[in-house]
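First comes the structure, then the notes that go with it.
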Amino acid sequence: MKYIEPHAHMVSRVTDDYQRMALAGCEAICEPAFWAGFDRSSPAGFHDYFCQLTEHEPKRAAKFGIAHFCWLCINPKESEDVNLAGDVIALIPQFLDRPNVLGIGEIGLNKNSRNEVKVLEMHVDLAARFDQLILVHTPHLEDKLKGTRLILDVLKSDRRIKPERVIVDHVEEHTVKAVLDRGHWAGMTLYPETKCTPARAIDILENFGNEQLWMNSACDWGVSDPLAVPKTALEMKRRGHRAAAIEQLIFRNPKKFLSQSPNFKLPAA
Ligand SMILES: [Zn+2]
């Protein structure tokens with residue numbers, strides 16, 4: 001089956017994963033900037049990471065016929081130091097012209113702290129000034145609902161931001177409606193243990209419909225499954241969803257949202 005993986009951290013995956021994803025029908029992978037599992041000690045560490053995302057990783061993906069795109073930011077987990085965040089954000093504009101950059105992400109909140117909110121506002125301002133799409137990470141802690149509300153308010157208070165150019169990721173049953181009601185897109189993350197399981201994701205779909213939703217694996221260095229999207233598509237088929245509805249969710253929806261960036265181009269058919 002043809003699909004797009006809209007959220008995967010391939011820098012922490014082995015090359016065999018690219019091969020398996022290609023065999024499963026993956027046409028494109030989008031990689032948001034994230035926490036490496038340790039805090040970087042300087043802006044130079046982020047500079048090198050942005051080079052990895054824009055130069056090295058697309059070449060790895062291309063060996064398997066997969067298009068690779070990325071999002072840039074300093075992630076919420078490293079956003080407590082506002083001065084460091086300011087220095088990293090100042091580096092980003094020089095990368096925005098690179099051909100695989102889709103926008104600013106994954107930005108958002110981790111512990112919902114005051115400094116994290118400040119850095120989120122700085123990123124939203126950056127996206128507005130450079131007319132970039134936004135990909136938002138919502139916190140995984142028990143205060144996901146509070147974090148999601150805080151994020152939605154920051155987005156709404158910047159009048160330059162068009163809601164349909166923002167995807168809010170890692171939604172769950174109790175946050176998806178608020179996101180969609182604001183006119184944003186919503187992403188469901190399929191994790192084997194935490195976040196949405198495939199069954200929960202399909203329950204959400206059956207309740208909230210197929211519009212402005214996508215699914216991703218968010219595979220990274222933790223317990224996660226790079227094939228979570230095609231596996232969930234199989235589960236949808238088993239539960240009686242029509243082929244066209246499955247294709248909309250795993251291919252046409254991400255394509256529609258991401259095509260708002262002029263850099264998003266799929267490999268020639
Ligand atoms: Zn992520």
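Going through the structure tokens in order, the chains are called A, B, and so on, while each chain numbers its residues from 1 and the ligands are numbered from 1 in the order shown.
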Can you pull out every residue within 10 Å of Arg200 (chain A), counting only C-alpha atoms, but drop anything in the same chain fewer than 6 positions away, and send it as a count of residues only? 5
Open item on the list: Just want the residues within 8 Å of ligand 1, written as a ChimeraX atom specification, counting only C-alpha atoms and all ligand atoms.
Closed with: /A:7-9,31-34,106,137,218-220
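One finds CA of Ala228 (chain A) at 9.1 Å from CA of Thr197 (chain A).
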Check your understanding: Using only C-alpha atoms, which residues sit within 12 Å of Ala245 (chain A) once same-chain residues fewer than 6 positions away are excluded, as a PyMOL selection string?
Key -> chain A and resi 202+205-206+209-211+213-214+233+236-237+251-253
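Here the question is which of A:Ala36, A:Ile134, A:Met21, A:Leu120 gets nearest to Pro76 (chain A) using only C-alpha atoms, and that residue is A:Leu120.
Candidate residues A:Asp169, A:Glu55, A:Asp143, A:Glu27 were compared for distance to Phe264 (chain A), and the nearest is A:Glu27, using only C-alpha atoms.
Selecting strand (DSSP E or B) from the backbone DSSP output for region 208-259 of chain A yields A:Leu213, A:Trp214, A:Met215, A:Asn216.
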Selection to disk with C-alpha atoms, as an mmCIF file, in the first residue's frame:
```
data_model
loop_
_atom_site.group_PDB
_atom_site.id
_atom_site.type_symbol
_atom_site.label_atom_id
_atom_site.label_comp_id
_atom_site.auth_asym_id
_atom_site.auth_seq_id
_atom_site.Cartn_x
_atom_site.Cartn_y
_atom_site.Cartn_z
ATOM 1 C CA LEU A 213 -6.377 13.814 10.539
ATOM 2 C CA TRP A 214 -3.263 11.762 9.916
ATOM 3 C CA MET A 215 -1.427 8.905 11.614
ATOM 4 C CA ASN A 216 2.276 8.526 12.287
#
```
If you count only C-alpha atoms, the residue of A:Gln212, A:Gln52, A:Asn100, A:Ser12 closest to Lys265 (chain A) turns out to be A:Asn100
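Computed from the coordinates, the CA of Leu126 (chain A) to CA of Lys256 (chain A) distance equals 23.0 Å.
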Shortest contact to Phe50 (chain A), candidates A:Pro254, A:Pro139, A:Pro93, A:Pro198, atoms counted only C-alpha atoms, goes to A:Pro93
Min atom-atom distance to Leu109 (chain A) from the set A:Ala199, A:Tyr3, A:Ile167, A:Val154, counting only C-alpha atoms, belongs to A:Val154
message = With only C-alpha atoms as the counted atoms, please give the residues lying no more than 9 Å from Gly65 (chain A), apart from itself and same-chain residues fewer than 2 positions off, as a PyMOL selection string.
response = chain A and resi 22+26-28+61-63+67+267
Using the selection just defined, write its residues with C-alpha atoms as a PDB file, in the first residue's frame.
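Here's the written file again20.pdb:
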```
ATOM      1  CA  ALA A  22      10.021   1.116   1.333  1.00  0.00           C
ATOM      2  CA  CYS A  26       6.309   4.315   2.043  1.00  0.00           C
ATOM      3  CA  GLU A  27       6.684   7.178  -0.467  1.00  0.00           C
ATOM      4  CA  ALA A  28       7.858   9.954   1.845  1.00  0.00           C
ATOM      5  CA  ALA A  61      16.254   7.773   2.271  1.00  0.00           C
ATOM      6  CA  ALA A  62      16.860   8.244  -1.461  1.00  0.00           C
ATOM      7  CA  LYS A  63      18.732   4.927  -1.622  1.00  0.00           C
ATOM      8  CA  ALA A  67      11.593  11.243  -0.317  1.00  0.00           C
ATOM      9  CA  PRO A 267       8.985  11.123  -6.159  1.00  0.00           C
TER      10      PRO A 267
END
```
